[in-house]
file coords.txt (compact mmCIF, C-alpha atoms)
# COMPACT_ATOMS: atom_id res chain seq x y z
CA MET S 280 0.00 0.00 0.00
CA LYS S 281 2.86 2.36 0.78
CA GLY S 282 4.26 1.72 -2.70
CA LEU S 283 0.95 2.66 -4.29
CA SER S 284 0.84 5.83 -2.19
CA ARG S 285 4.29 6.82 -3.35
CA ILE S 286 3.37 6.13 -7.00
CA GLN S 287 0.23 8.22 -6.56
CA ALA S 288 2.26 11.06 -5.08
CA ILE S 289 4.68 11.05 -8.00
CA PHE S 290 1.77 10.84 -10.44
CA SER S 291 0.12 13.87 -8.85
CA LYS S 292 3.38 15.78 -8.92
CA GLU S 293 3.96 15.07 -12.64
CA LEU S 294 0.37 15.99 -13.49
CA THR S 295 0.65 19.28 -11.58
CA GLN S 296 3.95 20.07 -13.29
CA LEU S 297 2.41 19.37 -16.70
CA LYS S 298 -0.51 21.69 -15.95
CA ARG S 299 1.89 24.48 -14.98
CA ASP S 300 3.96 23.98 -18.15
CA LYS S 301 1.42 25.54 -20.50
CA MET S 302 3.63 25.34 -23.60
CA THR S 303 4.26 21.61 -23.25
CA PHE S 304 0.59 20.97 -22.53
CA GLY S 305 -0.36 23.03 -25.57
CA MET S 306 2.07 21.13 -27.79
CA VAL S 307 0.59 17.82 -26.60
CA ILE S 308 -2.81 18.97 -27.86
CA MET S 309 -1.81 21.01 -30.90
CA ILE S 310 0.76 18.69 -32.51
CA PRO S 311 -1.65 15.82 -33.27
CA LEU S 312 -4.55 18.17 -34.03
CA ILE S 313 -2.74 20.42 -36.52
CA GLN S 314 -0.74 17.61 -38.11
CA LEU S 315 -3.86 15.48 -38.60
CA MET S 316 -5.87 18.31 -40.19
CA LEU S 317 -2.96 19.53 -42.30
CA PHE S 318 -1.77 16.21 -43.66
CA GLY S 319 -5.24 14.76 -43.98
CA PHE S 320 -6.02 17.42 -46.58
CA ALA S 321 -2.53 17.99 -47.99
CA ILE S 322 -1.23 14.49 -48.67
CA ASN S 323 -2.55 13.32 -52.02
CA THR S 324 -0.90 10.80 -54.33
CA ASN S 325 -3.51 11.47 -57.02
CA VAL S 326 -1.69 14.34 -58.69
CA ARG S 327 -3.83 16.96 -60.40
CA HIS S 328 -3.34 20.41 -61.97
CA ILE S 329 0.29 19.82 -62.93
CA PRO S 330 1.68 23.11 -64.33
CA ALA S 331 2.29 22.55 -68.02
CA GLY S 332 3.20 24.55 -71.09
CA ILE S 333 2.22 24.46 -74.75
CA VAL S 334 4.23 24.58 -77.97
CA ASP S 335 1.59 24.82 -80.69
CA TYR S 336 3.15 24.64 -84.15
CA SER S 337 -0.28 24.13 -85.70
CA GLN S 338 -2.16 27.18 -84.42
CA THR S 339 -5.47 25.82 -85.67
CA GLY S 340 -8.92 25.43 -84.22
CA LEU S 341 -8.27 21.70 -83.89
CA SER S 342 -5.16 22.27 -81.77
CA ARG S 343 -7.11 24.60 -79.48
CA ILE S 344 -9.86 21.99 -79.09
CA LEU S 345 -7.21 19.39 -78.31
CA ILE S 346 -5.74 21.63 -75.60
CA GLN S 347 -9.19 22.19 -74.08
CA THR S 348 -9.91 18.46 -74.14
CA ILE S 349 -6.69 17.67 -72.29
CA GLY S 350 -7.27 20.48 -69.79
CA ALA S 351 -10.73 19.06 -69.02
CA THR S 352 -9.06 15.98 -67.51
CA GLN S 353 -7.61 18.24 -64.75
CA VAL S 354 -4.41 16.22 -64.80
CA VAL S 355 -2.54 19.25 -66.13
CA LYS S 356 -3.10 22.98 -65.99
CA PHE S 357 -1.76 24.86 -68.98
CA SER S 358 -0.15 28.05 -67.71
CA GLN S 359 2.41 29.06 -70.34
CA GLN S 360 2.83 29.04 -74.11
CA TYR S 361 6.25 28.90 -75.78
CA MET S 362 7.51 29.55 -79.29
CA ASN S 363 9.60 26.39 -79.53
CA VAL S 364 10.61 23.27 -77.65
CA ASP S 365 13.97 24.71 -76.52
CA GLN S 366 12.22 27.50 -74.60
CA ALA S 367 9.84 24.99 -73.05
CA GLU S 368 12.63 22.63 -71.96
CA ALA S 369 14.47 25.57 -70.38
CA ALA S 370 11.30 26.36 -68.41
CA ILE S 371 11.10 22.73 -67.28
CA ALA S 372 14.72 22.92 -66.12
CA ARG S 373 13.89 26.02 -64.04
CA ALA S 374 10.88 24.16 -62.55
CA GLU S 375 8.48 26.79 -63.89
CA ILE S 376 6.48 23.97 -65.49
CA ARG S 377 6.68 20.20 -65.18
CA ALA S 378 5.66 19.20 -68.71
CA VAL S 379 5.00 20.64 -72.15
CA LEU S 380 2.59 19.55 -74.87
CA VAL S 381 4.12 19.82 -78.34
CA ILE S 382 1.50 19.96 -81.11
CA PRO S 383 2.98 19.44 -84.61
CA LYS S 384 1.97 21.36 -87.71
CA ASP S 385 0.33 18.30 -89.26
CA VAL S 386 -1.88 17.52 -86.26
CA SER S 387 -4.97 17.39 -88.50
CA GLN S 388 -3.40 14.77 -90.77
CA ARG S 389 -2.16 12.79 -87.77
CA LEU S 390 -5.61 12.83 -86.24
CA ALA S 391 -7.16 11.61 -89.49
CA ARG S 392 -4.63 8.75 -89.70
CA HIS S 393 -5.16 7.72 -86.08
CA PRO S 394 -6.17 4.03 -86.12
CA THR S 395 -9.70 2.96 -85.36
CA VAL S 396 -11.00 -0.23 -83.82
CA GLY S 397 -10.17 -3.39 -85.71
CA LEU S 398 -7.03 -2.09 -87.40
CA GLY S 399 -5.13 -5.35 -86.95
CA SER S 400 -1.98 -6.34 -85.07
CA PRO S 401 -0.44 -3.91 -82.54
CA PRO S 402 2.05 -1.48 -84.13
CA SER S 403 5.78 -1.44 -83.43
CA SER S 404 7.36 1.31 -81.33
CA ASP S 405 8.35 3.29 -84.45
CA GLU S 406 4.83 2.98 -85.82
CA GLU S 407 3.44 4.13 -82.46
CA THR S 408 5.54 7.28 -82.63
CA SER S 409 4.46 8.05 -86.19
CA ARG S 410 0.80 7.50 -85.31
CA ALA S 411 0.88 9.66 -82.17
CA ILE S 412 -1.04 12.90 -82.54
CA ALA S 413 1.25 15.05 -80.36
CA GLN S 414 4.12 14.75 -77.91
CA TRP S 415 4.56 15.28 -74.18
CA VAL S 416 7.98 16.36 -72.90
CA VAL S 417 8.02 15.71 -69.15
CA ASP S 418 10.29 16.32 -66.17
CA GLY S 419 10.91 12.66 -65.40
CA SER S 420 12.89 13.31 -62.21
CA ASP S 421 9.64 13.10 -60.20
CA THR S 422 8.20 9.65 -60.81
CA MET S 423 4.69 10.62 -59.64
CA ILE S 424 4.53 13.55 -62.04
CA ALA S 425 5.79 11.36 -64.86
CA ALA S 426 3.24 8.65 -64.07
CA ALA S 427 0.40 11.19 -64.08
CA ILE S 428 1.40 12.51 -67.53
CA LYS S 429 1.93 8.97 -68.86
CA SER S 430 -1.67 8.21 -67.88
CA LEU S 431 -2.68 10.56 -70.73
CA ARG S 432 -0.70 8.60 -73.30
CA TYR S 433 -3.69 6.50 -74.39
CA MET S 434 -6.23 9.27 -73.85
CA PRO S 435 -9.26 8.54 -76.09
CA LEU S 436 -10.21 11.17 -78.63
CA ALA S 437 -13.40 9.59 -79.95
CA GLU S 438 -15.23 12.93 -79.79
CA LEU S 439 -12.70 14.57 -82.09
CA LEU S 440 -12.61 11.62 -84.48
CA ASN S 441 -16.35 10.93 -84.43
CA LYS S 442 -15.49 7.24 -84.55
CA PRO S 443 -14.30 4.57 -82.08
CA VAL S 444 -10.55 4.57 -81.58
CA ASN S 445 -8.04 1.79 -81.19
CA ARG S 446 -6.97 1.85 -77.53
CA SER S 447 -3.78 -0.12 -78.30
CA THR S 448 -2.31 2.83 -80.23
CA PRO S 449 -1.01 5.73 -78.10
CA THR S 450 -2.54 9.13 -78.63
CA PHE S 451 0.57 10.95 -77.39
CA GLU S 452 4.25 10.21 -77.46
CA VAL S 453 5.86 10.77 -74.04
CA THR S 454 9.51 11.82 -73.65
CA LEU S 455 10.95 11.79 -70.13
CA LEU S 456 13.81 14.16 -69.34
CA TYR S 457 16.49 13.75 -66.62
CA ASN S 458 15.30 10.31 -65.48
CA PRO S 459 14.10 8.28 -68.48
CA GLU S 460 14.54 5.01 -66.60
CA GLN S 461 12.19 6.25 -63.85
CA ARG S 462 14.53 5.25 -61.04
CA THR S 463 13.23 6.41 -57.66
CA ALA S 464 16.72 6.96 -56.26
CA VAL S 465 17.38 9.73 -58.79
CA ASN S 466 14.61 11.79 -57.18
CA ILE S 467 14.99 10.64 -53.57
CA VAL S 468 18.74 11.08 -53.00
CA PRO S 469 18.96 14.83 -53.80
CA GLY S 470 15.80 15.43 -51.77
CA LEU S 471 17.27 13.45 -48.90
CA VAL S 472 19.99 16.10 -48.63
CA GLY S 473 17.35 18.66 -47.66
CA ILE S 474 15.59 16.37 -45.18
CA ILE S 475 18.76 15.27 -43.35
CA LEU S 476 20.03 18.84 -43.18
CA THR S 477 16.67 19.97 -41.81
CA MET S 478 16.75 17.28 -39.13
CA THR S 479 20.31 17.78 -37.99
CA MET S 480 20.72 21.54 -38.36
CA ILE S 481 17.51 22.46 -36.53
CA MET S 482 18.18 19.82 -33.88
CA PHE S 483 21.72 21.10 -33.26
CA THR S 484 20.67 24.68 -32.58
CA SER S 485 17.10 24.32 -31.26
CA ALA S 486 18.45 23.55 -27.79
CA ALA S 487 21.53 25.80 -27.99
CA ILE S 488 20.31 28.69 -25.83
CA VAL S 489 18.20 26.41 -23.63
CA ARG S 490 21.22 24.23 -22.92
CA GLU S 491 23.33 27.27 -21.99
CA ARG S 492 20.58 28.40 -19.61
CA GLU S 493 20.19 24.98 -17.98
CA ARG S 494 23.94 24.59 -17.51
CA GLY S 495 24.25 28.05 -16.00
CA ASN S 496 26.58 29.32 -18.71
CA LEU S 497 24.46 32.41 -19.26
CA GLU S 498 25.80 33.75 -15.97
CA MET S 499 29.25 34.05 -17.54
CA LEU S 500 27.83 35.79 -20.62
CA ILE S 501 26.48 38.58 -18.41
CA THR S 502 29.99 39.76 -17.59
CA THR S 503 31.21 39.63 -21.20
CA PRO S 504 30.78 42.22 -24.01
CA VAL S 505 29.25 39.59 -26.33
CA ARG S 506 26.30 40.99 -28.26
CA PRO S 507 23.23 38.88 -29.08
CA ILE S 508 23.93 38.93 -32.82
CA GLU S 509 27.53 37.85 -32.19
CA LEU S 510 26.34 35.00 -30.00
CA MET S 511 23.89 33.84 -32.68
CA LEU S 512 26.53 33.90 -35.43
CA GLY S 513 29.02 32.12 -33.21
CA LYS S 514 26.45 29.39 -32.57
CA ILE S 515 25.67 28.63 -36.21
CA ILE S 516 29.02 28.96 -38.01
CA PRO S 517 30.59 25.71 -36.67
CA TYR S 518 27.56 23.68 -37.71
CA MET S 519 27.77 24.95 -41.27
CA PHE S 520 30.91 22.85 -41.76
CA ILE S 521 29.11 19.81 -40.33
CA GLY S 522 26.26 20.36 -42.78
CA ALA S 523 28.69 20.59 -45.70
CA LEU S 524 30.26 17.29 -44.63
CA GLN S 525 26.84 15.63 -44.52
CA VAL S 526 26.05 16.82 -48.03
CA ALA S 527 29.33 15.39 -49.33
CA ILE S 528 28.59 12.03 -47.70
CA ILE S 529 25.03 11.78 -49.04
CA LEU S 530 25.79 12.82 -52.61
CA GLY S 531 29.02 10.84 -52.73
CA LEU S 532 27.35 7.62 -51.65
CA GLY S 533 24.36 8.39 -53.87
CA TYR S 534 26.66 8.63 -56.88
CA VAL S 535 28.69 5.51 -56.04
CA VAL S 536 25.98 3.22 -54.68
CA PHE S 537 22.82 4.35 -56.50
CA ASN S 538 24.40 5.86 -59.63
CA VAL S 539 22.61 9.16 -59.15
CA PRO S 540 23.91 11.61 -61.80
CA PHE S 541 25.47 14.93 -60.87
CA ASN S 542 24.80 17.21 -63.82
CA GLY S 543 25.24 20.63 -62.22
CA GLY S 544 28.12 22.78 -61.07
CA LEU S 545 29.78 22.22 -57.71
CA TRP S 546 29.84 25.92 -56.85
CA GLN S 547 26.16 26.25 -57.71
CA LEU S 548 25.37 23.43 -55.29
CA ALA S 549 27.65 24.90 -52.62
CA GLY S 550 25.94 28.28 -52.79
CA ALA S 551 22.43 26.83 -52.49
CA THR S 552 23.46 24.42 -49.73
CA LEU S 553 25.19 26.99 -47.54
CA MET S 554 22.19 29.28 -47.84
CA PHE S 555 19.85 26.49 -46.75
CA ILE S 556 22.10 25.39 -43.88
CA ALA S 557 22.14 28.96 -42.58
CA ALA S 558 18.33 29.19 -42.81
CA SER S 559 17.86 25.87 -40.97
CA LEU S 560 20.33 26.80 -38.22
CA VAL S 561 18.64 30.16 -37.71
CA LEU S 562 15.26 28.44 -37.48
CA GLY S 563 16.70 26.25 -34.74
CA LEU S 564 17.95 29.32 -32.89
CA VAL S 565 14.50 30.91 -33.02
CA ILE S 566 13.06 27.72 -31.51
CA SER S 567 15.76 27.80 -28.85
CA THR S 568 14.77 31.32 -27.80
CA LEU S 569 11.11 30.27 -27.57
CA ALA S 570 11.59 27.04 -25.62
CA LYS S 571 12.01 27.04 -21.85
CA ASN S 572 13.63 23.60 -21.67
CA GLN S 573 15.09 20.97 -23.96
CA LEU S 574 11.86 18.95 -23.99
CA GLN S 575 9.97 21.90 -25.44
CA ALA S 576 12.78 22.48 -27.93
CA THR S 577 12.50 18.85 -29.09
CA GLN S 578 8.72 19.11 -29.42
CA MET S 579 8.98 22.28 -31.50
CA THR S 580 11.63 20.68 -33.69
CA ILE S 581 9.32 17.75 -34.45
CA PHE S 582 6.49 20.19 -35.10
CA VAL S 583 8.60 21.86 -37.82
CA LEU S 584 10.24 18.69 -39.10
CA LEU S 585 7.09 16.80 -40.11
CA PRO S 586 5.78 19.53 -42.45
CA SER S 587 9.27 19.90 -43.90
CA ILE S 588 9.26 16.22 -44.84
CA LEU S 589 5.70 15.92 -46.11
CA LEU S 590 4.99 19.34 -47.64
CA SER S 591 8.32 20.21 -49.25
CA GLY S 592 7.89 17.88 -52.22
CA PHE S 593 10.29 15.25 -50.90
CA VAL S 594 7.71 12.44 -50.77
CA PHE S 595 4.56 13.84 -52.37
CA PRO S 596 4.53 16.21 -55.35
CA TYR S 597 4.10 19.84 -54.43
CA GLU S 598 1.61 20.22 -57.30
CA GLY S 599 -0.69 17.61 -55.79
CA MET S 600 -1.33 19.60 -52.62
CA PRO S 601 -4.22 22.04 -52.13
CA GLU S 602 -3.50 25.75 -52.30
CA LEU S 603 -3.50 26.25 -48.52
CA ALA S 604 -0.92 23.51 -48.04
CA GLN S 605 1.22 24.99 -50.81
CA ARG S 606 1.20 28.37 -49.07
CA ILE S 607 2.35 26.74 -45.84
CA ALA S 608 5.02 24.85 -47.76
CA GLU S 609 6.32 28.09 -49.29
CA ILE S 610 7.20 29.33 -45.79
CA LEU S 611 9.45 26.34 -45.08
CA PRO S 612 13.11 26.59 -46.17
CA ALA S 613 13.08 22.89 -47.13
CA THR S 614 10.60 23.52 -49.95
CA HIS S 615 12.88 26.06 -51.63
CA PHE S 616 16.02 24.00 -51.16
CA MET S 617 14.28 20.92 -52.58
CA ARG S 618 13.77 22.82 -55.84
CA LEU S 619 17.31 24.17 -55.83
CA VAL S 620 19.14 20.92 -55.10
CA ARG S 621 17.15 18.91 -57.63
CA GLY S 622 17.48 21.67 -60.19
CA VAL S 623 21.26 21.89 -59.82
CA ILE S 624 22.01 18.16 -59.52
CA LEU S 625 19.53 16.69 -61.98
CA ARG S 626 18.79 19.50 -64.46
CA ASP S 627 22.05 21.52 -64.42
CA VAL S 628 20.27 24.78 -63.59
CA GLU S 629 22.20 27.82 -62.43
CA ILE S 630 20.94 29.20 -59.14
CA ILE S 631 20.58 32.64 -60.72
CA ASP S 632 17.76 31.14 -62.80
CA MET S 633 16.06 30.06 -59.56
CA ARG S 634 16.70 33.33 -57.80
CA TYR S 635 13.28 33.39 -56.15
CA ASP S 636 14.20 30.42 -53.95
CA MET S 637 17.63 31.86 -53.15
CA ILE S 638 16.15 35.23 -52.21
CA TRP S 639 13.58 33.57 -49.97
CA LEU S 640 16.29 31.60 -48.12
CA ALA S 641 18.35 34.76 -47.69
CA LEU S 642 15.36 36.72 -46.35
CA PHE S 643 14.39 33.86 -44.06
CA THR S 644 17.92 33.75 -42.63
CA ALA S 645 18.10 37.51 -42.10
CA ILE S 646 14.66 37.77 -40.49
CA GLY S 647 15.20 34.68 -38.34
CA LEU S 648 18.58 35.93 -37.14
CA ALA S 649 17.03 39.28 -36.23
CA ILE S 650 14.19 37.60 -34.32
CA ALA S 651 16.56 35.27 -32.44
CA SER S 652 18.85 38.17 -31.51
CA PHE S 653 15.90 40.31 -30.39
CA ARG S 654 14.40 37.55 -28.26
CA PHE S 655 17.68 36.63 -26.60
CA LYS S 656 18.09 38.27 -23.23
CA LYS S 657 21.55 38.20 -21.73
CA ASN S 658 20.27 37.68 -18.19
CA LEU S 659 19.06 34.95 -15.87
CA ASP S 660 15.31 35.45 -16.40
call {"tool": "encode", "arguments": {"input": "coords.txt", "output": "structure tokens"}}
result
Amino acid sequence: MKGLSRIQAIFSKELTQLKRDKMTFGMVIMIPLIQLMLFGFAINTNVRHIPAGIVDYSQTGLSRILIQTIGATQVVKFSQQYMNVDQAEAAIARAEIRAVLVIPKDVSQRLARHPTVGLGSPPSSDEETSRAIAQWVVDGSDTMIAAAIKSLRYMPLAELLNKPVNRSTPTFEVTLLYNPEQRTAVNIVPGLVGIILTMTMIMFTSAAIVRERERGNLEMLITTPVRPIELMLGKIIPYMFIGALQVAIILGLGYVVFNVPFNGGLWQLAGATLMFIAASLVLGLVISTLAKNQLQATQMTIFVLLPSILLSGFVFPYEGMPELAQRIAEILPATHFMRLVRGVILRDVEIIDMRYDMIWLALFTAIGLAIASFRFKKNLD
């Protein structure tokens, strides 16, 4: 009985302490609630409204009807029109669009020659290409995006032909760029750089100020001329070298073990990576100034980490998420780095062509550093 009384006393003490710790209690309630609502609506493997472009060499009423017919499927959303395929492929490389529909000049003749039911034996691959009405050029680095576009390959056009069509003959030719073999590792390994850096960089600095406070080291800082901004910079600079080492390990093993290509420039990758490491470290410092103990710092880190994994485009395509989830994803540094690292490594894009993502990371770092410095109080309170 005495043992039960002691257990009850400890239980009451822990419950009282939890009630007094309002932030921890709030995180216990808010983490599952917000994550459930957010991911329940945001996570969608059925990709729709993929941003796509058009290269219309025909410029006829038939080509416009064809574009409207494809748009009605809601698989793609035509947002840009280009003069030629080279311009469209450059836009795909910059991640402005994910696919482009190329309509040839002789689309009317191709549509008239399109086989009907009962044509005979299935055509060869060369015959399939010649019988295709138009061509899709797709960013194949994302296997889900590529699969969604490939689902349109045998799209029936009975309404345009006014006769039953042969479903064994493809309507569109599909060309996959950057990952024609559709290997998952090509897309996962560069994205894994962003996820691992997010985990480690935020975790390293999220408890930095809290740990100093718990160890009593802030007492020594009171008697020193160290400014808050100097303390923040001193906290993050050492970890930038650790982050660079992690990137070298991931990409090196990805190239050797999984044969992931490295098509971009090393300095381009270094610039994007250092910017993202700085943003992640600063985010950890902001968490550290908000948390009162290391448990709260860990909870806040998890609260940021889960959206960074699921909303950044690492697992599920960014285009498949609803607009609200996309707006939340745009706030996260991981979303912008995911575009940069895949653009540099897989598509050989210069970071100046993806300046929006670089500017966002720079602004995020500057604002976060200012907030962390402002919130830091060099005292014992």
call {"tool": "residues_around", "arguments": {"input": "coords.txt", "residues": "range 570-579 of chain S", "least_positions_apart": "2", "cutoff": "8 Å", "atoms": "all atoms listed in the file", "output": "MDAnalysis selection string"}}
result
chainID S and resid 302:303 306 482 485:486 489:490 493 566:568 581:583
call {"tool": "closest_atom_pairs", "arguments": {"input": "coords.txt", "of": "range 422-527 of chain S", "to": "range 327-336 of chain S", "cutoff": "12 Å", "atoms": "all atoms listed in the file", "output": "JSON lines"}}
result
{"residue": "S:Met423", "atom": "CA", "partner": "S:Arg327", "partner_atom": "CA", "distance": 10.6}
{"residue": "S:Ile424", "atom": "CA", "partner": "S:Ile329", "partner_atom": "CA", "distance": 7.6}
{"residue": "S:Ala425", "atom": "CA", "partner": "S:Ile329", "partner_atom": "CA", "distance": 10.3}
{"residue": "S:Ala426", "atom": "CA", "partner": "S:Arg327", "partner_atom": "CA", "distance": 11.5}
{"residue": "S:Ala427", "atom": "CA", "partner": "S:Arg327", "partner_atom": "CA", "distance": 8.0}
{"residue": "S:Ile428", "atom": "CA", "partner": "S:Ile329", "partner_atom": "CA", "distance": 8.7}
{"residue": "S:Ser430", "atom": "CA", "partner": "S:Arg327", "partner_atom": "CA", "distance": 11.7}
call {"tool": "residues_around", "arguments": {"input": "coords.txt", "residues": "Ser652 in chain S", "least_positions_apart": "3", "cutoff": "8 Å", "atoms": "all atoms listed in the file", "output": "compact mmCIF listing (two decimals) with C-alpha atoms, keeping the file's coordinate frame"}}
result
# COMPACT_ATOMS: atom_id res chain seq x y z
CA PRO S 507 23.23 38.88 -29.08
CA ILE S 508 23.93 38.93 -32.82
CA MET S 511 23.89 33.84 -32.68
CA LEU S 648 18.58 35.93 -37.14
CA ALA S 649 17.03 39.28 -36.23
CA PHE S 655 17.68 36.63 -26.60
call {"tool": "closest_residue", "arguments": {"input": "coords.txt", "among": "S:Leu315, S:Ile556, S:Ile308, S:Ala391", "to": "Leu341 in chain S", "atoms": "only C-alpha atoms"}}
result
S:Ala391
call {"tool": "closest_residue", "arguments": {"input": "coords.txt", "among": "S:Ile488, S:Met362, S:Val416, S:Ala411", "to": "Ala378 in chain S", "atoms": "only C-alpha atoms"}}
result
S:Val416
call {"tool": "closest_atom_pairs", "arguments": {"input": "coords.txt", "of": "range 467-572 of chain S", "to": "range 613-623 of chain S", "cutoff": "10 Å", "atoms": "all atoms listed in the file", "output": "Markdown table"}}
result
| residue | atom | partner | partner_atom | distance |
| --- | --- | --- | --- | --- |
| S:Ile467 | CA | S:Arg621 | CA | 9.5 |
| S:Val468 | CA | S:Arg621 | CA | 9.2 |
| S:Pro469 | CA | S:Arg621 | CA | 5.9 |
| S:Gly470 | CA | S:Met617 | CA | 5.8 |
| S:Leu471 | CA | S:Met617 | CA | 8.8 |
| S:Val472 | CA | S:Val620 | CA | 8.1 |
| S:Gly473 | CA | S:Ala613 | CA | 6.0 |
| S:Ile474 | CA | S:Ala613 | CA | 7.3 |
| S:Leu476 | CA | S:Ala613 | CA | 9.0 |
| S:Thr477 | CA | S:Ala613 | CA | 7.1 |
| S:Phe541 | CA | S:Val623 | CA | 8.2 |
| S:Asn542 | CA | S:Val623 | CA | 7.1 |
| S:Gly543 | CA | S:Val623 | CA | 4.8 |
| S:Gly544 | CA | S:Val623 | CA | 7.0 |
| S:Leu545 | CA | S:Val623 | CA | 8.8 |
| S:Trp546 | CA | S:Val623 | CA | 9.9 |
| S:Gln547 | CA | S:Val623 | CA | 6.9 |
| S:Leu548 | CA | S:Val623 | CA | 6.3 |
| S:Ala549 | CA | S:Val620 | CA | 9.7 |
| S:Ala551 | CA | S:Leu619 | CA | 6.7 |
| S:Thr552 | CA | S:Phe616 | CA | 7.6 |
| S:Met554 | CA | S:Phe616 | CA | 8.8 |
| S:Phe555 | CA | S:Phe616 | CA | 6.3 |
| S:Ile556 | CA | S:Phe616 | CA | 9.6 |
| S:Ala558 | CA | S:Ala613 | CA | 9.3 |
| S:Ser559 | CA | S:Ala613 | CA | 8.3 |
call {"tool": "write_last_selection", "arguments": {"input": "coords.txt", "atoms": "C-alpha atoms", "output": "short mmCIF file (atom, residue, chain, number, x, y, z; two decimals), in the coordinates of the input"}}
result
data_model
loop_
_atom_site.label_atom_id
_atom_site.label_comp_id
_atom_site.auth_asym_id
_atom_site.auth_seq_id
_atom_site.Cartn_x
_atom_site.Cartn_y
_atom_site.Cartn_z
CA ILE S 467 14.99 10.64 -53.57
CA VAL S 468 18.74 11.08 -53.00
CA PRO S 469 18.96 14.83 -53.80
CA GLY S 470 15.80 15.43 -51.77
CA LEU S 471 17.27 13.45 -48.90
CA VAL S 472 19.99 16.10 -48.63
CA GLY S 473 17.35 18.66 -47.66
CA ILE S 474 15.59 16.37 -45.18
CA LEU S 476 20.03 18.84 -43.18
CA THR S 477 16.67 19.97 -41.81
CA PHE S 541 25.47 14.93 -60.87
CA ASN S 542 24.80 17.21 -63.82
CA GLY S 543 25.24 20.63 -62.22
CA GLY S 544 28.12 22.78 -61.07
CA LEU S 545 29.78 22.22 -57.71
CA TRP S 546 29.84 25.92 -56.85
CA GLN S 547 26.16 26.25 -57.71
CA LEU S 548 25.37 23.43 -55.29
CA ALA S 549 27.65 24.90 -52.62
CA ALA S 551 22.43 26.83 -52.49
CA THR S 552 23.46 24.42 -49.73
CA MET S 554 22.19 29.28 -47.84
CA PHE S 555 19.85 26.49 -46.75
CA ILE S 556 22.10 25.39 -43.88
CA ALA S 558 18.33 29.19 -42.81
CA SER S 559 17.86 25.87 -40.97
#
call {"tool": "atom_distance", "arguments": {"input": "coords.txt", "atom1": "CA of Leu562 in chain S", "atom2": "CA of Thr484 in chain S"}}
result
8.2 Å
call {"tool": "residues_around", "arguments": {"input": "coords.txt", "residues": "Gln366 in chain S", "least_positions_apart": "6", "cutoff": "12 Å", "atoms": "all atoms listed in the file", "output": "list in words"}}
result
Gly332, Ile333, Val334, Gln359, Gln360, Ala372, Arg373, Glu375, Ile376, Val379 and Val381 of chain S
call {"tool": "atom_distance", "arguments": {"input": "coords.txt", "atom1": "CA of Leu380 in chain S", "atom2": "CA of Tyr635 in chain S"}}
result
25.6 Å
call {"tool": "atom_distance", "arguments": {"input": "coords.txt", "atom1": "CA of Arg506 in chain S", "atom2": "CA of Phe653 in chain S"}}
result
10.6 Å
call {"tool": "closest_residue", "arguments": {"input": "coords.txt", "among": "S:Pro311, S:Gly419, S:Gly350, S:Pro517", "to": "Arg377 in chain S", "atoms": "only C-alpha atoms"}}
result
S:Gly419
call {"tool": "closest_residue", "arguments": {"input": "coords.txt", "among": "S:Val505, S:Ile610, S:Met434, S:Glu602", "to": "Thr450 in chain S", "atoms": "only C-alpha atoms"}}
result
S:Met434
call {"tool": "residues_around", "arguments": {"input": "coords.txt", "residues": "Ser420 in chain S", "least_positions_apart": "6", "cutoff": "10 Å", "atoms": "only C-alpha atoms", "output": "PyMOL selection string"}}
result
chain S and resi 377+455-467+621-622+625-626
call {"tool": "closest_residue", "arguments": {"input": "coords.txt", "among": "S:Leu312, S:Ile371, S:Val354, S:Leu569", "to": "Val628 in chain S", "atoms": "all atoms listed in the file"}}
result
S:Ile371
call {"tool": "axis_aligned_box", "arguments": {"input": "coords.txt", "around": "range 364-376 of chain S", "padding_each_side": "3 Å", "output": "lines of an AutoDock Vina configuration file"}}
result
center_x = 10.6
center_y = 25.1
center_z = -70.1
size_x = 14.2
size_y = 10.9
size_z = 21.1
call {"tool": "residues_around", "arguments": {"input": "coords.txt", "residues": "Ala557 in chain S", "least_positions_apart": "6", "cutoff": "12 Å", "atoms": "all atoms listed in the file", "output": "JSON, numbers by chain"}}
result
{"S": [476, 477, 480, 481, 484, 511, 512, 514, 515, 516, 517, 518, 519, 520, 521, 522, 523, 550, 551, 563, 564, 612, 613, 616, 637, 640, 641, 642, 643, 644, 645, 646, 647, 648]}
